[in-house]
Amino acid sequence: MTMRSSDDTAAAETLQRRAIDIRRLVVQMCAARGQGYAGQGLELADLMAVLYHYELREPLASPPGDHFVLSVGHSAIALYAALGSRDVFSLDELRTYGGDGTHFEESPLEGMTGFTVTGGSLGQGLSQALGLALGERLLGSDRRVYCVFSDGELQEGNTMEAILAAPNFGADNLVGLVDNNGEQADGNTAEIMPVEPVDRRLAAFGWAVQRVDGHDIRALLAAFNDARTVRRRPQAIVCDTTPGHGVPVLASFGRVHYVKAHEPVWEQALAELDEARARLDAPA
Amino acid sequence: MSHFDVVDQPFADAIVALGRRRDDVVVLTADLAKWTDVGPFAEAFPDRFFQVGMAEQNLIGMAGGMAKAGLLPFAVTYGVFATRRAFDQIAMALCTGPSDAVVVGFLPGITTRFPATHQALDDVALMRVIPGMTVLDPADATELTAAVAAAADYGGPVYLRARRSSVEQCFDPRELAFTIGPARELADGPDIGVVTSGYACVWVLEALRTAPLSDLDVGVLHVPTIKPLDEDTVATFCRRYDRVTVVENHTTIGGLGEAIASALARRGQPTRIRMHGVPDRWGAYGTVEYIRRQFAFDPEGLARTLADHARTGGGADR
């Protein structure tokens, strides 16, 4: 299933389409109630496309070939949409996102399909990803553990404890993916409690660090390919992202932690995604 | 000091025996390996022992991850650090799944010199409120040994209060079949009922044995599983008495006493309960013997307290 072509150009084009699929699902999920964590879902769409259509081995199997850990629970919409793009969930199911009685809670507990840990209390995912990685290593498995956490979570002591511990345990089957969106609940990370330079901080703790444009699929592919060659050290890929990326009408909300908008905004968002797909389809 | 035989490092022997029986058992510690009797496990199973340094949040988080990998983690540190510093991690990483994992809290209550920082007098209250958490408070070396094995086989998250180094042996290991859940009646005297758990049970048995209670014929119910509480046995025991004293190595807020009072109130059972624990304050500094006297947990203090309760009905709690 997983593509591991040395010619990643074809893979990148396919993944760009998958990222648009994911963005469409994010917009459709929010449109149903006119609200949701759209900014986060859109900013993670490229990374989730690469993870769920390229990098993760057998992510839908039980147990999976590789583990995915979402630490930043509020970004659940990105994982729902990624699984939707693999036909794990139907559009009708996904459109119940955030509503009363839904299984698609905005920040779900572990046990929901695809959710390895409970991530809504921020700063806890990386520790669990590390434990999972060391557990798999002890059990003789070659499974890798991919953990998405956010720049804001670097303010949590628990995250820093895990960042200190992972290199000391030589956890080379652990990949930390920093969703470096510069945004947190109260505003801009740079104003609330700066965490930059994220890449140099992680490197100083002993991680093998790369920093990429989180919306450049070729760069993400290259980073994952490089990370897989690292031995004896955990790998971090700092992904610089922009909330709402790929949908100008929603990106215009700027660093909005939670989007509430009227129906025309969501309709325009879908139209913009149709245009993006048309541009991909157009002959070069 | 002790009126019972003692066993050296019963937790160490129990966890090593468990490690031999089950190769999925791993032990994690946060810079307290030498002080929580896990050194022998680390020596016997170095690949299954994880030293995380002074980082309790990561200790519990890693335990949660290891449980998700299919291992059975024992996260071992002092009760104060596990239940306060890493409360959210215990609740989220271990109890929302929930996961099969055991948190072992050493220095329960009056077992160490340092008040507030090291005496875990609130750990039972903190762990009781987490949905699905099982809370064990074994009395002696025999029960602690058995509880380690029982917790491992139980399933779901367990908080186990544990004592280190020399631990009294009140119960014969050949006669005790410890199972999680049931309370056990240790004495059936008619004058006054005592309900207790953990180290406080040792104090009560010591008071009975050293005879300052000789003019009172006391009934004793030992409740090593505080949650889920064996409400039927507790209610049946309490129904036999006009008044019952709960002796607990814990603050009187949120521990065994309030769990029992709540259970009896919900059943409409009018037994008068007196909580004999640490009142609403941060323990006290000193040797265990000294602190026990301060809180009337020594044999003479317990005798005075029970006699007073039997005679007067106890009145208001302190």
# chains A, B, ... in the order shown; residues from 1 in each chain; ligands from 1

$ select_by_dssp --residues "range 171-254 of chain B" --states "helix (DSSP H, G or I)" --output "list in words"
Gly198, Tyr199, Ala200, Cys201, Val202, Trp203, Val204, Leu205, Glu206, Ala207, Leu208, Arg209, Glu231, Asp232, Thr233, Val234, Ala235, Thr236, Phe237, Cys238 and Arg239 of chain B

$ residues_around --residues "Thr142 in chain B" --least-positions-apart "5" --cutoff "7 Å" --atoms "only C-alpha atoms" --output "NGL selection string"
:B and (169 or 171-173)

$ interface_residues --of "chain B" --to "chain A" --cutoff "12 Å" --atoms "only C-alpha atoms" --output "MDAnalysis selection string"
chainID B and resid 23:28 30 45:73 75 85:99

$ write_last_selection --atoms "N, CA and C atoms" --output "compact mmCIF listing (two decimals), in the first residue's frame"
# COMPACT_ATOMS: atom_id res chain seq x y z
N ASP B 23 6.26 -11.85 31.65
CA ASP B 23 7.32 -11.10 30.99
C ASP B 23 6.82 -9.80 30.37
N ASP B 24 5.53 -9.48 30.56
CA ASP B 24 5.03 -8.20 30.07
C ASP B 24 5.09 -7.11 31.13
N VAL B 25 5.54 -7.46 32.33
CA VAL B 25 5.60 -6.46 33.41
C VAL B 25 6.85 -5.59 33.25
N VAL B 26 6.64 -4.28 33.25
CA VAL B 26 7.76 -3.33 33.24
C VAL B 26 7.60 -2.42 34.46
N VAL B 27 8.73 -1.91 34.94
CA VAL B 27 8.72 -1.01 36.10
C VAL B 27 9.37 0.31 35.69
N LEU B 28 8.69 1.40 36.02
CA LEU B 28 9.23 2.73 35.75
C LEU B 28 9.37 3.46 37.08
N ALA B 30 10.88 7.35 38.99
CA ALA B 30 11.30 8.73 38.78
C ALA B 30 12.28 9.13 39.88
N PHE B 45 15.82 -7.58 35.90
CA PHE B 45 15.23 -7.36 34.56
C PHE B 45 15.63 -5.98 34.03
N PRO B 46 16.90 -5.77 33.75
CA PRO B 46 17.33 -4.42 33.35
C PRO B 46 16.63 -3.90 32.10
N ASP B 47 16.26 -4.80 31.18
CA ASP B 47 15.58 -4.34 29.96
C ASP B 47 14.16 -3.89 30.24
N ARG B 48 13.60 -4.31 31.37
CA ARG B 48 12.21 -3.97 31.68
C ARG B 48 12.10 -2.92 32.78
N PHE B 49 13.20 -2.25 33.03
CA PHE B 49 13.23 -1.21 34.07
C PHE B 49 13.57 0.13 33.42
N PHE B 50 12.79 1.15 33.71
CA PHE B 50 12.97 2.46 33.07
C PHE B 50 13.11 3.55 34.13
N GLN B 51 14.26 4.16 34.15
CA GLN B 51 14.54 5.28 35.06
C GLN B 51 14.30 6.57 34.27
N VAL B 52 13.30 7.36 34.66
CA VAL B 52 12.98 8.56 33.88
C VAL B 52 13.50 9.84 34.53
N GLY B 53 14.18 9.71 35.68
CA GLY B 53 14.61 10.94 36.35
C GLY B 53 13.45 11.62 37.06
N MET B 54 13.72 12.82 37.57
CA MET B 54 12.69 13.52 38.35
C MET B 54 11.66 14.12 37.39
N ALA B 55 10.71 13.33 36.99
CA ALA B 55 9.76 13.75 35.96
C ALA B 55 8.52 12.86 36.07
N GLU B 56 7.66 13.17 37.03
CA GLU B 56 6.52 12.28 37.29
C GLU B 56 5.48 12.32 36.18
N GLN B 57 5.35 13.48 35.53
CA GLN B 57 4.37 13.55 34.45
C GLN B 57 4.79 12.62 33.31
N ASN B 58 6.09 12.65 32.99
CA ASN B 58 6.60 11.76 31.95
C ASN B 58 6.55 10.30 32.41
N LEU B 59 6.76 10.08 33.69
CA LEU B 59 6.68 8.72 34.25
C LEU B 59 5.32 8.11 33.93
N ILE B 60 4.27 8.86 34.24
CA ILE B 60 2.93 8.32 34.03
C ILE B 60 2.60 8.27 32.54
N GLY B 61 3.00 9.31 31.80
CA GLY B 61 2.74 9.31 30.36
C GLY B 61 3.40 8.12 29.67
N MET B 62 4.65 7.87 30.01
CA MET B 62 5.34 6.72 29.41
C MET B 62 4.67 5.42 29.81
N ALA B 63 4.22 5.34 31.05
CA ALA B 63 3.50 4.13 31.48
C ALA B 63 2.25 3.94 30.63
N GLY B 64 1.55 5.04 30.36
CA GLY B 64 0.36 4.94 29.52
C GLY B 64 0.71 4.45 28.12
N GLY B 65 1.79 4.96 27.56
CA GLY B 65 2.21 4.50 26.23
C GLY B 65 2.60 3.04 26.23
N MET B 66 3.30 2.62 27.26
CA MET B 66 3.73 1.21 27.33
C MET B 66 2.52 0.29 27.48
N ALA B 67 1.51 0.74 28.25
CA ALA B 67 0.29 -0.06 28.35
C ALA B 67 -0.34 -0.20 26.97
N LYS B 68 -0.29 0.86 26.17
CA LYS B 68 -0.89 0.79 24.83
C LYS B 68 -0.08 -0.09 23.89
N ALA B 69 1.19 -0.30 24.22
CA ALA B 69 2.00 -1.23 23.42
C ALA B 69 1.73 -2.68 23.82
N GLY B 70 0.97 -2.89 24.90
CA GLY B 70 0.65 -4.24 25.33
C GLY B 70 1.43 -4.71 26.54
N LEU B 71 2.19 -3.82 27.15
CA LEU B 71 2.93 -4.17 28.36
C LEU B 71 2.07 -3.85 29.58
N LEU B 72 2.52 -4.35 30.75
CA LEU B 72 1.83 -4.04 32.00
C LEU B 72 2.77 -3.19 32.86
N PRO B 73 2.62 -1.86 32.80
CA PRO B 73 3.54 -1.00 33.54
C PRO B 73 3.17 -0.84 35.01
N ALA B 75 4.20 1.97 37.61
CA ALA B 75 4.86 3.26 37.79
C ALA B 75 5.02 3.48 39.28
N ARG B 85 1.52 15.64 41.50
CA ARG B 85 2.23 16.21 40.35
C ARG B 85 1.69 15.64 39.05
N ALA B 86 1.32 14.38 39.06
CA ALA B 86 0.92 13.73 37.81
C ALA B 86 -0.56 13.34 37.83
N PHE B 87 -1.35 14.08 38.60
CA PHE B 87 -2.77 13.72 38.69
C PHE B 87 -3.44 13.70 37.32
N ASP B 88 -3.21 14.74 36.55
CA ASP B 88 -3.86 14.83 35.24
C ASP B 88 -3.39 13.71 34.31
N GLN B 89 -2.10 13.38 34.42
CA GLN B 89 -1.58 12.29 33.58
C GLN B 89 -2.19 10.95 34.00
N ILE B 90 -2.36 10.73 35.29
CA ILE B 90 -3.00 9.49 35.73
C ILE B 90 -4.43 9.44 35.19
N ALA B 91 -5.12 10.56 35.32
CA ALA B 91 -6.52 10.59 34.87
C ALA B 91 -6.61 10.40 33.36
N MET B 92 -5.80 11.13 32.60
CA MET B 92 -5.92 11.10 31.14
C MET B 92 -5.23 9.88 30.51
N ALA B 93 -3.95 9.68 30.85
CA ALA B 93 -3.16 8.66 30.15
C ALA B 93 -3.51 7.24 30.61
N LEU B 94 -3.94 7.10 31.86
CA LEU B 94 -4.21 5.75 32.37
C LEU B 94 -5.70 5.43 32.48
N CYS B 95 -6.52 6.43 32.69
CA CYS B 95 -7.90 6.14 33.08
C CYS B 95 -8.96 6.49 32.05
N THR B 96 -8.63 7.17 30.96
CA THR B 96 -9.68 7.43 29.97
C THR B 96 -9.86 6.24 29.03
N GLY B 97 -8.81 5.43 28.87
CA GLY B 97 -8.92 4.29 27.95
C GLY B 97 -10.01 3.30 28.37
N PRO B 98 -9.89 2.73 29.59
CA PRO B 98 -8.75 2.83 30.50
C PRO B 98 -7.66 1.84 30.14
N SER B 99 -6.49 2.00 30.77
CA SER B 99 -5.36 1.12 30.52
C SER B 99 -5.15 0.18 31.69

$ residues_around --residues "Leu25 in chain A" --least-positions-apart "5" --cutoff "9 Å" --atoms "only C-alpha atoms" --output "ChimeraX atom specification"
/A:20,30,77-78,80-82,84-85,91,94-95

$ select_by_dssp --residues "range 71-154 of chain B" --states "strand (DSSP E)" --output "PyMOL selection string"
chain B and resi 72-78+101-106+134-136

$ write_last_selection --atoms "C-alpha atoms" --output "mmCIF file, in the first residue's frame"
data_model
loop_
_atom_site.group_PDB
_atom_site.id
_atom_site.type_symbol
_atom_site.label_atom_id
_atom_site.label_comp_id
_atom_site.auth_asym_id
_atom_site.auth_seq_id
_atom_site.Cartn_x
_atom_site.Cartn_y
_atom_site.Cartn_z
ATOM 1 C CA LEU B 72 1.827 -4.036 32.002
ATOM 2 C CA PRO B 73 3.542 -1.003 33.540
ATOM 3 C CA PHE B 74 4.104 -0.431 37.261
ATOM 4 C CA ALA B 75 4.864 3.263 37.793
ATOM 5 C CA VAL B 76 6.553 3.446 41.178
ATOM 6 C CA THR B 77 7.278 6.596 43.175
ATOM 7 C CA TYR B 78 6.087 8.362 46.317
ATOM 8 C CA ALA B 101 -1.456 -0.124 34.613
ATOM 9 C CA VAL B 102 -0.511 0.076 38.281
ATOM 10 C CA VAL B 103 0.572 3.246 40.059
ATOM 11 C CA VAL B 104 2.434 2.403 43.255
ATOM 12 C CA GLY B 105 2.515 5.168 45.851
ATOM 13 C CA PHE B 106 5.081 4.771 48.621
ATOM 14 C CA THR B 134 -9.215 0.971 41.831
ATOM 15 C CA VAL B 135 -7.621 1.986 45.147
ATOM 16 C CA LEU B 136 -5.807 -0.572 47.315
#

$ atom_distance --atom1 "CA of Pro40 in chain B" --atom2 "CA of Asp13 in chain B"
7.8 Å

$ residues_around --residues "Arg161 in chain B" --least-positions-apart "2" --cutoff "10 Å" --atoms "only C-alpha atoms" --output "list in words"
Tyr78, Gly79, Val103, Val104, Gly105, Phe106, Leu107, Pro108, Gly109, Ala120, Asp123, Val124, Val135, Leu136, Asp137, Pro138, Ala139, Leu144, Ala147, Val158, Tyr159, Arg163, Gly198, Tyr199 and Pro224 of chain B

$ closest_residue --among "B:Gln294, B:Thr305, B:Thr271, B:Thr145" --to "Pro212 in chain B" --atoms "only C-alpha atoms"
B:Thr305

$ residues_around --residues "Phe297 in chain B" --least-positions-apart "3" --cutoff "9 Å" --atoms "only C-alpha atoms" --output "JSON, numbers by chain"
{"B": [200, 203, 204, 247, 249, 276, 277, 289, 291, 292, 293, 294, 300, 301, 302]}

$ write_last_selection --atoms "N, CA, C and O atoms" --output "PDB file, in the first residue's frame"
ATOM      1  N   ALA B 200      -3.028   1.769  59.133  1.00  0.00           N
ATOM      2  CA  ALA B 200      -3.889   1.990  60.299  1.00  0.00           C
ATOM      3  C   ALA B 200      -4.413   0.670  60.848  1.00  0.00           C
ATOM      4  O   ALA B 200      -4.640   0.534  62.060  1.00  0.00           O
ATOM      5  N   TRP B 203      -1.952  -0.543  63.213  1.00  0.00           N
ATOM      6  CA  TRP B 203      -2.052   0.183  64.485  1.00  0.00           C
ATOM      7  C   TRP B 203      -3.177  -0.394  65.350  1.00  0.00           C
ATOM      8  O   TRP B 203      -3.005  -0.558  66.556  1.00  0.00           O
ATOM      9  N   VAL B 204      -4.292  -0.676  64.742  1.00  0.00           N
ATOM     10  CA  VAL B 204      -5.435  -1.197  65.500  1.00  0.00           C
ATOM     11  C   VAL B 204      -5.105  -2.581  66.061  1.00  0.00           C
ATOM     12  O   VAL B 204      -5.358  -2.863  67.239  1.00  0.00           O
ATOM     13  N   VAL B 247     -10.691   4.221  61.557  1.00  0.00           N
ATOM     14  CA  VAL B 247      -9.305   4.607  61.814  1.00  0.00           C
ATOM     15  C   VAL B 247      -8.560   4.580  60.484  1.00  0.00           C
ATOM     16  O   VAL B 247      -8.458   3.532  59.839  1.00  0.00           O
ATOM     17  N   ASN B 249      -5.169   6.089  58.046  1.00  0.00           N
ATOM     18  CA  ASN B 249      -3.861   6.729  57.886  1.00  0.00           C
ATOM     19  C   ASN B 249      -3.953   7.704  56.709  1.00  0.00           C
ATOM     20  O   ASN B 249      -3.311   7.532  55.681  1.00  0.00           O
ATOM     21  N   HIS B 276     -11.488   8.792  62.708  1.00  0.00           N
ATOM     22  CA  HIS B 276     -10.257   8.995  63.458  1.00  0.00           C
ATOM     23  C   HIS B 276      -9.087   8.900  62.473  1.00  0.00           C
ATOM     24  O   HIS B 276      -8.484   7.848  62.275  1.00  0.00           O
ATOM     25  N   GLY B 277      -8.823  10.044  61.816  1.00  0.00           N
ATOM     26  CA  GLY B 277      -7.697  10.127  60.890  1.00  0.00           C
ATOM     27  C   GLY B 277      -6.927  11.392  61.194  1.00  0.00           C
ATOM     28  O   GLY B 277      -6.981  11.911  62.311  1.00  0.00           O
ATOM     29  N   GLU B 289       6.804   7.272  65.342  1.00  0.00           N
ATOM     30  CA  GLU B 289       6.260   7.050  66.694  1.00  0.00           C
ATOM     31  C   GLU B 289       5.742   8.357  67.290  1.00  0.00           C
ATOM     32  O   GLU B 289       4.678   8.403  67.904  1.00  0.00           O
ATOM     33  N   ILE B 291       4.792  11.093  65.652  1.00  0.00           N
ATOM     34  CA  ILE B 291       3.612  11.597  64.934  1.00  0.00           C
ATOM     35  C   ILE B 291       2.376  10.776  65.300  1.00  0.00           C
ATOM     36  O   ILE B 291       1.279  11.313  65.463  1.00  0.00           O
ATOM     37  N   ARG B 292       2.568   9.476  65.441  1.00  0.00           N
ATOM     38  CA  ARG B 292       1.427   8.637  65.842  1.00  0.00           C
ATOM     39  C   ARG B 292       0.859   9.111  67.180  1.00  0.00           C
ATOM     40  O   ARG B 292      -0.363   9.160  67.368  1.00  0.00           O
ATOM     41  N   ARG B 293       1.742   9.473  68.097  1.00  0.00           N
ATOM     42  CA  ARG B 293       1.239   9.973  69.387  1.00  0.00           C
ATOM     43  C   ARG B 293       0.512  11.301  69.198  1.00  0.00           C
ATOM     44  O   ARG B 293      -0.516  11.549  69.840  1.00  0.00           O
ATOM     45  N   GLN B 294       1.030  12.152  68.326  1.00  0.00           N
ATOM     46  CA  GLN B 294       0.383  13.450  68.104  1.00  0.00           C
ATOM     47  C   GLN B 294      -1.067  13.277  67.640  1.00  0.00           C
ATOM     48  O   GLN B 294      -1.935  14.069  67.990  1.00  0.00           O
ATOM     49  N   GLU B 300      -2.015   3.568  73.041  1.00  0.00           N
ATOM     50  CA  GLU B 300      -2.717   4.256  74.124  1.00  0.00           C
ATOM     51  C   GLU B 300      -3.690   5.293  73.572  1.00  0.00           C
ATOM     52  O   GLU B 300      -4.814   5.440  74.071  1.00  0.00           O
ATOM     53  N   GLY B 301      -3.255   6.018  72.549  1.00  0.00           N
ATOM     54  CA  GLY B 301      -4.128   7.028  71.947  1.00  0.00           C
ATOM     55  C   GLY B 301      -5.356   6.409  71.316  1.00  0.00           C
ATOM     56  O   GLY B 301      -6.481   6.926  71.444  1.00  0.00           O
ATOM     57  N   LEU B 302      -5.146   5.284  70.643  1.00  0.00           N
ATOM     58  CA  LEU B 302      -6.287   4.588  70.030  1.00  0.00           C
ATOM     59  C   LEU B 302      -7.244   4.094  71.114  1.00  0.00           C
ATOM     60  O   LEU B 302      -8.471   4.212  70.978  1.00  0.00           O
TER      61      LEU B 302
END
